[in-house]
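What follows is a set of notes on a single structure, which appears directly below.
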Amino acid sequence: MAGVWVLAEKHEQSLELLNIGRELASQLGTKLVSLILNDHSQVQEHIDCGADEVLLLPALAAHQALEACVPVIVDEAKKEDPDLFLVAGTLKGKEIAASIASRLDTGLCSDCISLKLGDEGRLEMERLVFGGAGLQKVECLTRPQMATIPIRTFEPAEKEGGREGTVRELPAPPLSSLKVMEKKTRVRESGDLREAGVIVAVGRGVEKEEDLEMIRELAELVGGELGCTKPIADELHWLPEERSLGISALEAKPQLYIGVGVSGQIQHVVGFRDAKVVCAINTDENAPIFEVSDYGIVGDLYTIVPRLIEELKKTI
Ligand SMILES: Cc1cc2nc3c(=O)[nH]c(=O)nc-3n(C[C@H](O)[C@H](O)[C@H](O)COP(=O)(O)OP(=O)(O)OC[C@H]3O[C@@H](n4cnc5c(N)ncnc54)[C@H](O)[C@@H]3O)c2cc1C
């Protein structure tokens, strides 16, 4: 038995993994298996998007965390012996992947952004290192070859009509030594930057905390979220940590990133490197942000931003 297995916490993330999983399974001439939490409503879509088999993980009781499924997944993997096992690289996904890999006594390559099959079905994977300044090639020498893949690395798989697949329910997990006592939603100032379509990020070019209101207004007018560089959150404490982007903060993939008074140091750029369009406003024409921008305005943000707001208001 063999196969390419994909596991994600959320439906959209599964579809991204099915996209690359389908390609690899077809090259290996094996089946594509999607593991999902017990939600029958998603099964056909997974099959339409390439899954030959859907393994339904048991529904979890309120006191159980997703980690409770790890022993069930591991038992099934021991029986089925997959060739490849891909996990969506969210925080939880990475934790679970590491736990599965250690129990299967196999290797795990994290944050892979490219996966190609080399000789003898060996996966050649690439991951960014040194804040994106370098590319590292890695191979997993043990079986199953496991990798975590950052979300939005691949487009969601497209549906193919008329596909059929099998569905199996996996058994309930054994009693866990871990019990969730309570779940609380984290209070956020606003939406999650990683899911934002537009991000307007402020940097130290902004002189005073109260000036953030002007940038917040700009962000609202373009339907975006307010982000920032690390010093704005960590040193000045003008915005919470979850608003900062970069190598030691969040990485997002918005359609549009607008940097306002941001110099564009590599540690920050890593946080929006995959944005579709990058714009910057900076007084210094030699600021590194312009090297990664599609559109740049050399000018004082205190002149440019009010004018942008004025123009945008006319269009509403
Ligand atoms: C190990 C390590 C990890 C790090 N991780 C991160 C990280 O995850 N995220 C992160 O953001 N940083 C990180 N940093 C810090 C990073 O190196 C930069 O120092 C930081 O990103 C710079 O922030 P900034 O652009 O706000 O400030 P600055 O570099 O001070 O830039 C301010 C910019 O504003 C411009 N400006 C000034 N006045 C105006 C005006 N009136 N109008 C328009 N433009 C103006 C200036 O020309 C300048 O380019 C890290 C650093 C280290 C060493």
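Please note that chains go A, B, ... in the order of the structure tokens, that every chain numbers its residues from 1, and that ligands are numbered from 1 in the order shown.
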Just want the residues within 8 Å of ligand 1, written as number ranges by chain, counting only C-alpha atoms and all ligand atoms.
A: 202-207, 228-232, 244-250, 260-271, 281-285, 287-289, 298-302
Could you give me, as a PDB file with N, CA and C atoms, in the first residue's frame, the residues within 10 Å of Trp238 of chain A, counting only C-alpha atoms and dropping anything in the same chain fewer than 2 positions from it?
ATOM      1  N   LYS A 208       3.947  60.142  15.351  1.00  0.00           N
ATOM      2  CA  LYS A 208       3.245  60.059  16.648  1.00  0.00           C
ATOM      3  C   LYS A 208       2.141  59.018  16.586  1.00  0.00           C
ATOM      4  N   GLU A 209       1.857  58.460  17.742  1.00  0.00           N
ATOM      5  CA  GLU A 209       0.836  57.409  17.802  1.00  0.00           C
ATOM      6  C   GLU A 209      -0.500  57.909  17.250  1.00  0.00           C
ATOM      7  N   GLU A 210      -0.858  59.163  17.563  1.00  0.00           N
ATOM      8  CA  GLU A 210      -2.176  59.645  17.113  1.00  0.00           C
ATOM      9  C   GLU A 210      -2.259  59.747  15.589  1.00  0.00           C
ATOM     10  N   LEU A 212      -1.583  57.478  13.666  1.00  0.00           N
ATOM     11  CA  LEU A 212      -2.053  56.180  13.145  1.00  0.00           C
ATOM     12  C   LEU A 212      -3.495  56.282  12.670  1.00  0.00           C
ATOM     13  N   CYS A 228       1.922  46.620  10.616  1.00  0.00           N
ATOM     14  CA  CYS A 228       3.032  47.486  11.015  1.00  0.00           C
ATOM     15  C   CYS A 228       4.361  46.741  10.965  1.00  0.00           C
ATOM     16  N   PRO A 231       9.192  47.316  15.035  1.00  0.00           N
ATOM     17  CA  PRO A 231       9.422  48.354  16.059  1.00  0.00           C
ATOM     18  C   PRO A 231       8.153  49.072  16.489  1.00  0.00           C
ATOM     19  N   ILE A 232       7.183  49.196  15.569  1.00  0.00           N
ATOM     20  CA  ILE A 232       5.935  49.882  15.927  1.00  0.00           C
ATOM     21  C   ILE A 232       5.201  49.092  17.011  1.00  0.00           C
ATOM     22  N   ALA A 233       5.275  47.770  16.929  1.00  0.00           N
ATOM     23  CA  ALA A 233       4.584  46.943  17.932  1.00  0.00           C
ATOM     24  C   ALA A 233       5.464  46.699  19.160  1.00  0.00           C
ATOM     25  N   ASP A 234       6.709  46.307  18.926  1.00  0.00           N
ATOM     26  CA  ASP A 234       7.554  45.845  20.038  1.00  0.00           C
ATOM     27  C   ASP A 234       8.201  46.971  20.840  1.00  0.00           C
ATOM     28  N   GLU A 235       8.610  48.020  20.106  1.00  0.00           N
ATOM     29  CA  GLU A 235       9.332  49.086  20.812  1.00  0.00           C
ATOM     30  C   GLU A 235       8.396  50.219  21.217  1.00  0.00           C
ATOM     31  N   LEU A 236       7.543  50.624  20.256  1.00  0.00           N
ATOM     32  CA  LEU A 236       6.667  51.768  20.546  1.00  0.00           C
ATOM     33  C   LEU A 236       5.333  51.334  21.179  1.00  0.00           C
ATOM     34  N   PRO A 240      -0.750  46.098  18.602  1.00  0.00           N
ATOM     35  CA  PRO A 240      -0.408  44.804  19.212  1.00  0.00           C
ATOM     36  C   PRO A 240       0.526  43.989  18.315  1.00  0.00           C
ATOM     37  N   GLU A 241       1.203  43.058  18.932  1.00  0.00           N
ATOM     38  CA  GLU A 241       2.192  42.221  18.245  1.00  0.00           C
ATOM     39  C   GLU A 241       1.613  41.531  17.002  1.00  0.00           C
ATOM     40  N   ARG A 243      -0.171  42.570  14.854  1.00  0.00           N
ATOM     41  CA  ARG A 243      -0.296  43.469  13.703  1.00  0.00           C
ATOM     42  C   ARG A 243       1.031  43.566  12.942  1.00  0.00           C
TER      43      ARG A 243
END
Within 12 Å of Ile96 of chain A, counting only C-alpha atoms, which residues show up once you throw out same-chain ones fewer than 5 positions away? Write them as a ChimeraX atom specification, please.
/A:7-9,65-71,73-74,86-91,101-103,108,110,146-148
Near-Val138 of chain A list (12 Å; only C-alpha atoms; drop same-chain fewer than 6 positions) as a PyMOL selection string:
chain A and resi 107-118+122-129+145-147
Spatial neighbours of Val6 of chain A, 9 Å, only C-alpha atoms, chain gap at least 6 places, as a PyMOL selection string
chain A and resi 14+17-18+21+32-36+84-88
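The two atoms in question, atom CA of Glu251 of chain A and atom CA of Glu220 of chain A, are spaced 20.8 Å apart.
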All residues 6 Å or closer to Leu55 of chain A, only C-alpha atoms, same chain fewer than 5 positions away omitted, as a PDB file with N, CA and C atoms, in the first residue's frame:
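Printed below is result08.pdb as written:
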ATOM      1  N   LEU A  35      -7.229  13.536   4.564  1.00  0.00           N
ATOM      2  CA  LEU A  35      -7.714  13.298   5.925  1.00  0.00           C
ATOM      3  C   LEU A  35      -8.471  14.529   6.380  1.00  0.00           C
ATOM      4  N   VAL A 167     -14.674   6.425   0.926  1.00  0.00           N
ATOM      5  CA  VAL A 167     -14.657   7.163   2.199  1.00  0.00           C
ATOM      6  C   VAL A 167     -14.575   6.140   3.329  1.00  0.00           C
ATOM      7  N   ARG A 168     -13.703   6.414   4.280  1.00  0.00           N
ATOM      8  CA  ARG A 168     -13.604   5.532   5.443  1.00  0.00           C
ATOM      9  C   ARG A 168     -13.578   6.353   6.705  1.00  0.00           C
ATOM     10  N   GLU A 169     -14.264   5.884   7.714  1.00  0.00           N
ATOM     11  CA  GLU A 169     -14.215   6.597   8.999  1.00  0.00           C
ATOM     12  C   GLU A 169     -13.172   5.948   9.877  1.00  0.00           C
TER      13      GLU A 169
END
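Residues in contact range of Leu226 of chain A, defined as at most 6 Å between only C-alpha atoms, with sequence neighbours fewer than 5 positions away removed, read Ile199, Val200 and Ala201 of chain A.
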For the interface of segment 194-241 of chain A with segment 307-315 of chain A (cut-off 12 Å, counting only C-alpha atoms), please tabulate each contacting residue of segment 194-241 of chain A alongside its nearest pair of atoms and their separation in Å to one decimal, rows sorted by chain and increasing number, as CSV.
residue,atom,partner,partner_atom,distance
A:Glu213,CA,A:Ile309,CA,11.8
A:Met214,CA,A:Ile309,CA,8.5
A:Ile215,CA,A:Ile309,CA,9.1
A:Arg216,CA,A:Ile309,CA,10.5
A:Glu217,CA,A:Ile309,CA,7.5
A:Leu218,CA,A:Ile309,CA,5.8
A:Ala219,CA,A:Ile309,CA,9.4
A:Glu220,CA,A:Ile309,CA,9.9
A:Leu221,CA,A:Leu312,CA,6.8
A:Val222,CA,A:Leu312,CA,8.0
A:Gly223,CA,A:Leu312,CA,11.2
Tell me, which residues of segment 68-248 of chain A carry DSSP strand (DSSP E or B), written as a ChimeraX atom specification?
/A:84-88,108-109,114-117,123-129,134-138,145-149,166-169,198-202,225-228,244-245
